[in-house]
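Content type compact mmCIF, C-alpha atoms, from the file query_29.txt:
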# COMPACT_ATOMS: atom_id res chain seq x y z
CA MET A 1 6.62 -6.18 16.77
CA GLN A 2 4.65 -7.83 14.04
CA ARG A 3 2.83 -6.47 11.02
CA LYS A 4 -0.63 -7.29 9.76
CA VAL A 5 -2.38 -6.23 6.59
CA PHE A 6 -6.06 -5.50 7.16
CA GLN A 7 -8.50 -5.20 4.28
CA LEU A 8 -11.72 -3.33 4.99
CA LEU A 9 -14.86 -2.93 2.92
CA VAL A 10 -16.61 0.21 4.08
CA ASP A 11 -19.52 2.38 3.02
CA ASN A 12 -18.36 4.98 0.51
CA THR A 13 -19.44 7.98 2.60
CA ALA A 14 -17.91 11.32 3.49
CA GLY A 15 -15.56 11.12 6.46
CA VAL A 16 -15.20 7.33 6.57
CA LEU A 17 -11.41 7.44 6.23
CA SER A 18 -11.22 10.12 8.91
CA ARG A 19 -13.28 8.01 11.33
CA ILE A 20 -11.08 4.97 10.76
CA SER A 21 -7.79 6.86 11.11
CA GLY A 22 -9.23 8.65 14.15
CA LEU A 23 -9.77 5.31 15.88
CA PHE A 24 -6.09 4.50 15.33
CA SER A 25 -4.89 7.85 16.68
CA ARG A 26 -7.21 7.80 19.72
CA ARG A 27 -5.98 4.36 20.72
CA GLY A 28 -2.32 5.09 19.91
CA TYR A 29 -2.10 2.39 17.23
CA ASN A 30 0.53 2.75 14.52
CA ILE A 31 -0.44 2.80 10.84
CA GLU A 32 2.50 1.93 8.57
CA SER A 33 0.47 2.52 5.41
CA ILE A 34 -3.11 3.10 4.39
CA THR A 35 -4.65 3.05 0.92
CA ALA A 36 -8.25 3.55 -0.11
CA GLY A 37 -10.26 3.46 -3.30
CA VAL A 38 -13.75 2.85 -4.54
CA THR A 39 -14.63 -0.75 -5.48
CA ALA A 40 -16.44 -2.09 -8.55
CA ASP A 41 -19.61 -1.17 -6.64
CA PRO A 42 -19.46 2.61 -6.07
CA ARG A 43 -21.35 2.27 -2.78
CA PHE A 44 -18.26 0.75 -1.17
CA THR A 45 -14.61 1.63 -0.63
CA ARG A 46 -11.80 -0.87 -0.08
CA ILE A 47 -9.22 0.25 2.47
CA THR A 48 -5.94 -1.57 3.07
CA ILE A 49 -4.19 -0.80 6.34
CA VAL A 50 -0.78 -2.09 7.37
CA ALA A 51 -0.40 -1.90 11.14
CA SER A 52 2.31 -3.00 13.53
CA GLY A 53 2.29 -4.08 17.15
CA ASP A 54 2.26 -7.16 19.33
CA ASP A 55 -0.42 -9.86 18.95
CA GLU A 56 -2.68 -8.24 21.56
CA ILE A 57 -2.58 -4.83 19.88
CA LEU A 58 -3.18 -6.28 16.41
CA ASP A 59 -6.15 -8.31 17.72
CA GLN A 60 -7.55 -5.17 19.36
CA ILE A 61 -7.19 -3.22 16.12
CA GLU A 62 -9.22 -5.85 14.27
CA LYS A 63 -11.95 -5.89 16.95
CA GLN A 64 -12.17 -2.10 17.28
CA VAL A 65 -12.25 -1.45 13.53
CA SER A 66 -14.93 -4.11 12.98
CA LYS A 67 -17.21 -2.26 15.45
CA LEU A 68 -17.25 0.96 13.38
CA VAL A 69 -20.63 1.62 11.76
CA ASP A 70 -19.22 2.17 8.25
CA VAL A 71 -17.21 -1.08 8.22
CA ARG A 72 -19.02 -3.86 6.33
CA ASP A 73 -16.21 -6.42 6.37
CA ILE A 74 -12.67 -6.78 7.70
CA LYS A 75 -10.14 -9.44 6.77
CA VAL A 76 -6.51 -10.06 7.56
CA LEU A 77 -4.59 -10.58 4.31
CA GLU A 78 -2.23 -13.41 5.16
CA PRO A 79 1.13 -13.68 3.35
CA GLY A 80 1.02 -16.52 0.84
CA LYS A 81 -2.77 -16.40 0.68
CA SER A 82 -2.80 -12.84 -0.62
CA VAL A 83 -1.25 -10.61 -3.25
CA TYR A 84 0.28 -7.29 -2.14
CA ARG A 85 1.50 -4.48 -4.37
CA GLU A 86 2.81 -0.98 -3.94
CA LEU A 87 3.51 1.79 -6.44
CA VAL A 88 6.50 4.10 -6.16
CA LEU A 89 7.45 7.14 -8.23
CA ILE A 90 11.10 8.16 -8.00
CA LYS A 91 12.64 11.30 -9.46
CA VAL A 92 16.37 10.77 -9.98
CA ARG A 93 18.95 13.37 -10.97
CA ALA A 94 20.30 12.10 -14.27
CA ALA A 95 22.80 13.94 -16.38
CA ALA A 96 23.17 12.65 -19.95
CA LYS A 97 26.16 10.43 -19.03
CA GLU A 98 24.23 8.70 -16.19
CA ARG A 99 21.00 8.01 -18.02
CA GLN A 100 21.93 4.72 -19.65
CA ALA A 101 22.94 3.14 -16.33
CA ILE A 102 19.67 4.23 -14.70
CA ILE A 103 17.70 2.97 -17.71
CA SER A 104 19.45 -0.42 -17.44
CA VAL A 105 18.45 -0.83 -13.78
CA THR A 106 14.93 0.29 -14.65
CA ASP A 107 14.71 -2.35 -17.39
CA ILE A 108 15.92 -5.14 -15.08
CA PHE A 109 13.12 -4.35 -12.61
CA ARG A 110 10.51 -3.94 -15.37
CA ALA A 111 9.95 -0.38 -14.20
CA LYS A 112 8.93 2.45 -16.53
CA ILE A 113 10.48 5.81 -17.18
CA ILE A 114 7.44 8.08 -17.25
CA ASP A 115 9.09 11.49 -17.49
CA VAL A 116 12.36 12.77 -18.90
CA ALA A 117 13.67 16.26 -18.20
CA PRO A 118 17.09 17.75 -19.00
CA GLU A 119 18.47 16.92 -15.53
CA SER A 120 16.17 14.16 -14.22
CA LEU A 121 14.12 11.03 -14.87
CA VAL A 122 10.92 9.92 -13.15
CA VAL A 123 10.64 6.16 -12.73
CA GLU A 124 7.46 4.22 -11.94
CA LEU A 125 7.71 0.80 -10.30
CA THR A 126 5.02 -1.53 -9.03
CA GLY A 127 5.75 -4.58 -6.92
CA ASP A 128 6.00 -5.99 -3.44
CA GLN A 129 7.92 -4.09 -0.81
CA SER A 130 11.10 -6.17 -1.17
CA LYS A 131 11.27 -5.44 -4.92
CA ILE A 132 10.81 -1.71 -4.30
CA GLU A 133 13.44 -1.68 -1.53
CA ALA A 134 15.89 -3.55 -3.78
CA PHE A 135 15.33 -1.06 -6.62
CA ILE A 136 15.82 1.93 -4.31
CA GLY A 137 18.98 0.26 -2.99
CA LEU A 138 20.42 0.04 -6.50
CA LEU A 139 19.80 3.76 -6.98
CA GLU A 140 21.98 4.64 -3.96
CA GLY A 141 24.77 5.93 -6.18
CA TYR A 142 22.41 8.48 -7.72
CA GLU A 143 20.69 11.45 -6.16
CA ILE A 144 17.04 10.72 -5.49
CA LEU A 145 15.36 14.12 -5.72
CA GLU A 146 11.85 13.01 -4.79
CA LEU A 147 10.16 9.76 -3.87
CA ALA A 148 6.44 9.00 -3.44
CA ARG A 149 5.09 5.62 -2.29
CA THR A 150 1.43 4.65 -2.29
CA GLY A 151 1.55 2.09 0.49
CA ILE A 152 0.44 -1.50 0.21
CA THR A 153 -2.80 -2.57 -1.38
CA GLY A 154 -3.82 -6.17 -1.71
CA LEU A 155 -6.39 -8.86 -2.36
CA GLY A 156 -6.80 -12.42 -1.14
CA ARG A 157 -5.99 -15.16 -3.65
CA GLY A 158 -8.78 -17.25 -5.17
CA MET A 159 -12.51 -17.19 -4.53
CA GLU A 160 -12.73 -18.30 -0.89
CA ASN A 161 -12.35 -14.85 0.68
CA VAL A 162 -14.55 -12.82 -1.68
CA THR A 163 -17.13 -10.78 0.20
CA TYR A 164 -20.46 -10.20 -1.50
CA LEU A 165 -22.46 -7.29 -0.14
CA GLY A 166 -26.11 -7.40 -1.12
CA ASP A 167 -28.46 -4.56 -1.91

Whole structure, structure tokens version:
Amino acid sequence: MQRKVFQLLVDNTAGVLSRISGLFSRRGYNIESITAGVTADPRFTRITIVASGDDEILDQIEKQVSKLVDVRDIKVLEPGKSVYRELVLIKVRAAAKERQAIISVTDIFRAKIIDVAPESLVVELTGDQSKIEAFIGLLEGYEILELARTGITGLGRGMENVTYLGD
């Protein structure tokens, strides 16, 4: 099993995300993560999909998605030629005596404490998946009450892969 990160530029229309995810479910393809958001041009949405499978399945995904009416462009974001990031919010049980240790780990990872309550802290961390996994691993001695991950989003490096969509 391999993983590929697909970046789509699609028309910003109602139901576009449903049509794309429907293609995956109809064909039995696995989506590891999917993120979507409007681009600098509000007519278009950028969708990043991380999918897994063998080479044949991943090639089929690319071909099938590119045939959808709403899809204006599809690219594979290659490691080394792209930048990937993910956001995670983690709520950790933190009594007063545990807070300083959690704050120290947070500082090392350049994460932010975005909420403090009498019995918990909420930490925000942005980075690649290995950084996030390492941070979560260091929190193993503490009770993670809730965790929310956005999934990967990414862009190609440099100017060579920029897609310009005209009027």

Checklist outcome for this item: Expressed in Å, the length from CA of Met159 (chain A) to CA of Thr45 (chain A) is 19.3 Å

Checklist entry - Hey, what's within 12 Å of region 91-106 of chain A if we count only C-alpha atoms and toss same-chain stuff fewer than 5 positions away? As a ChimeraX atom specification, please? => result /A:111-126,131-132,134-149

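Within 12 Å of the point (-27.5, -4.4, 3.4) in file coordinates, and counting all atoms listed in the file, lie the residues Val10, Asp11, Arg43, Phe44, Asp70, Val71, Arg72, Asp73, Tyr164, Leu165, Gly166 and Asp167 of chain A.
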
Item to check | Selected residue, from A:Glu160, A:Asp54, A:Glu62, A:Glu133, that lies nearest to Val88 (chain A) when counting only C-alpha atoms | outcome: A:Glu133

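Residue nearest Leu17 (chain A), chosen from A:Ile57, A:Ala40, A:Ile47, A:Ile90 and counting all atoms listed in the file: A:Ile47.
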
Checklist entry - At what distance in Å, to one decimal, does CA of Tyr84 (chain A) lie from CA of Glu32 (chain A)? => result 14.3 Å

Checklist entry - Residues at most 12 Å from Ser21 (chain A), counting all atoms listed in the file, excluding those fewer than 3 positions away in the same chain, as number ranges by chain? => result A: 15-18, 24-36, 47-51, 61, 64-65, 68

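In terms of minimum interatomic distance to Gly154 (chain A), A:Lys81 ranks closest within A:Ser130, A:Asp107, A:Lys81, A:Pro42, counting all atoms listed in the file.
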
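Here CA of Leu9 (chain A) stands at a distance of 6.5 Å from CA of Ile74 (chain A).
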
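Nearest residue to Gly158 (chain A), choosing from A:Gly80, A:Leu87, A:Leu23, A:Asp55 and counting all atoms listed in the file: A:Gly80.
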
Would you mind completing region 129-159 of chain A so that it carries N, CA and C atoms, and writing it out as a compact mmCIF listing (two decimals), in the coordinates of the input?
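Final file, result22.txt:
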# COMPACT_ATOMS: atom_id res chain seq x y z
N GLN A 129 7.01 -5.01 -1.49
CA GLN A 129 7.92 -4.09 -0.81
C GLN A 129 9.39 -4.48 -0.98
N SER A 130 9.70 -5.77 -1.03
CA SER A 130 11.10 -6.17 -1.17
C SER A 130 11.65 -5.77 -2.54
N LYS A 131 10.83 -5.86 -3.58
CA LYS A 131 11.27 -5.44 -4.92
C LYS A 131 11.53 -3.94 -4.93
N ILE A 132 10.64 -3.17 -4.33
CA ILE A 132 10.81 -1.71 -4.30
C ILE A 132 12.05 -1.33 -3.50
N GLU A 133 12.25 -1.98 -2.34
CA GLU A 133 13.44 -1.68 -1.53
C GLU A 133 14.72 -2.03 -2.29
N ALA A 134 14.71 -3.15 -3.01
CA ALA A 134 15.89 -3.55 -3.78
C ALA A 134 16.19 -2.53 -4.88
N PHE A 135 15.15 -2.06 -5.56
CA PHE A 135 15.33 -1.06 -6.62
C PHE A 135 15.90 0.24 -6.04
N ILE A 136 15.33 0.70 -4.95
CA ILE A 136 15.82 1.93 -4.31
C ILE A 136 17.28 1.74 -3.88
N GLY A 137 17.60 0.56 -3.38
CA GLY A 137 18.98 0.26 -2.99
C GLY A 137 19.96 0.38 -4.14
N LEU A 138 19.54 -0.05 -5.34
CA LEU A 138 20.42 0.04 -6.50
C LEU A 138 20.57 1.47 -7.01
N LEU A 139 19.69 2.35 -6.59
CA LEU A 139 19.80 3.76 -6.98
C LEU A 139 20.63 4.57 -5.99
N GLU A 140 21.22 3.92 -4.99
CA GLU A 140 21.98 4.64 -3.96
C GLU A 140 23.10 5.51 -4.51
N GLY A 141 23.69 5.14 -5.61
CA GLY A 141 24.77 5.93 -6.18
C GLY A 141 24.31 7.18 -6.91
N TYR A 142 23.00 7.33 -7.02
CA TYR A 142 22.41 8.48 -7.72
C TYR A 142 21.63 9.32 -6.73
N GLU A 143 21.44 10.57 -7.05
CA GLU A 143 20.69 11.45 -6.16
C GLU A 143 19.19 11.30 -6.42
N ILE A 144 18.50 10.79 -5.41
CA ILE A 144 17.04 10.72 -5.49
C ILE A 144 16.50 12.08 -5.06
N LEU A 145 15.86 12.77 -6.00
CA LEU A 145 15.36 14.12 -5.72
C LEU A 145 14.02 14.08 -5.00
N GLU A 146 13.16 13.17 -5.42
CA GLU A 146 11.85 13.01 -4.79
C GLU A 146 11.44 11.55 -4.88
N LEU A 147 10.64 11.12 -3.90
CA LEU A 147 10.16 9.76 -3.87
C LEU A 147 8.76 9.77 -3.29
N ALA A 148 7.81 9.10 -3.95
CA ALA A 148 6.44 9.00 -3.44
C ALA A 148 6.01 7.54 -3.51
N ARG A 149 5.56 7.01 -2.36
CA ARG A 149 5.09 5.62 -2.29
C ARG A 149 3.61 5.62 -1.94
N THR A 150 2.88 4.70 -2.55
CA THR A 150 1.43 4.65 -2.29
C THR A 150 1.07 3.90 -1.03
N GLY A 151 1.92 3.01 -0.58
CA GLY A 151 1.55 2.09 0.49
C GLY A 151 0.98 0.83 -0.13
N ILE A 152 0.87 -0.19 0.69
CA ILE A 152 0.44 -1.50 0.21
C ILE A 152 -1.06 -1.52 -0.07
N THR A 153 -1.42 -2.19 -1.14
CA THR A 153 -2.80 -2.57 -1.38
C THR A 153 -2.77 -4.05 -1.72
N GLY A 154 -3.86 -4.74 -1.47
CA GLY A 154 -3.82 -6.17 -1.71
C GLY A 154 -5.19 -6.80 -1.81
N LEU A 155 -5.19 -8.04 -2.26
CA LEU A 155 -6.39 -8.86 -2.36
C LEU A 155 -6.02 -10.28 -1.97
N GLY A 156 -7.00 -11.01 -1.41
CA GLY A 156 -6.80 -12.42 -1.14
C GLY A 156 -6.79 -13.20 -2.44
N ARG A 157 -6.04 -14.30 -2.46
CA ARG A 157 -5.99 -15.16 -3.65
C ARG A 157 -7.26 -16.00 -3.74
N GLY A 158 -7.67 -16.32 -4.96
CA GLY A 158 -8.78 -17.25 -5.17
C GLY A 158 -10.14 -16.68 -4.83
N MET A 159 -11.11 -17.58 -4.73
CA MET A 159 -12.51 -17.19 -4.53
C MET A 159 -12.97 -17.30 -3.07
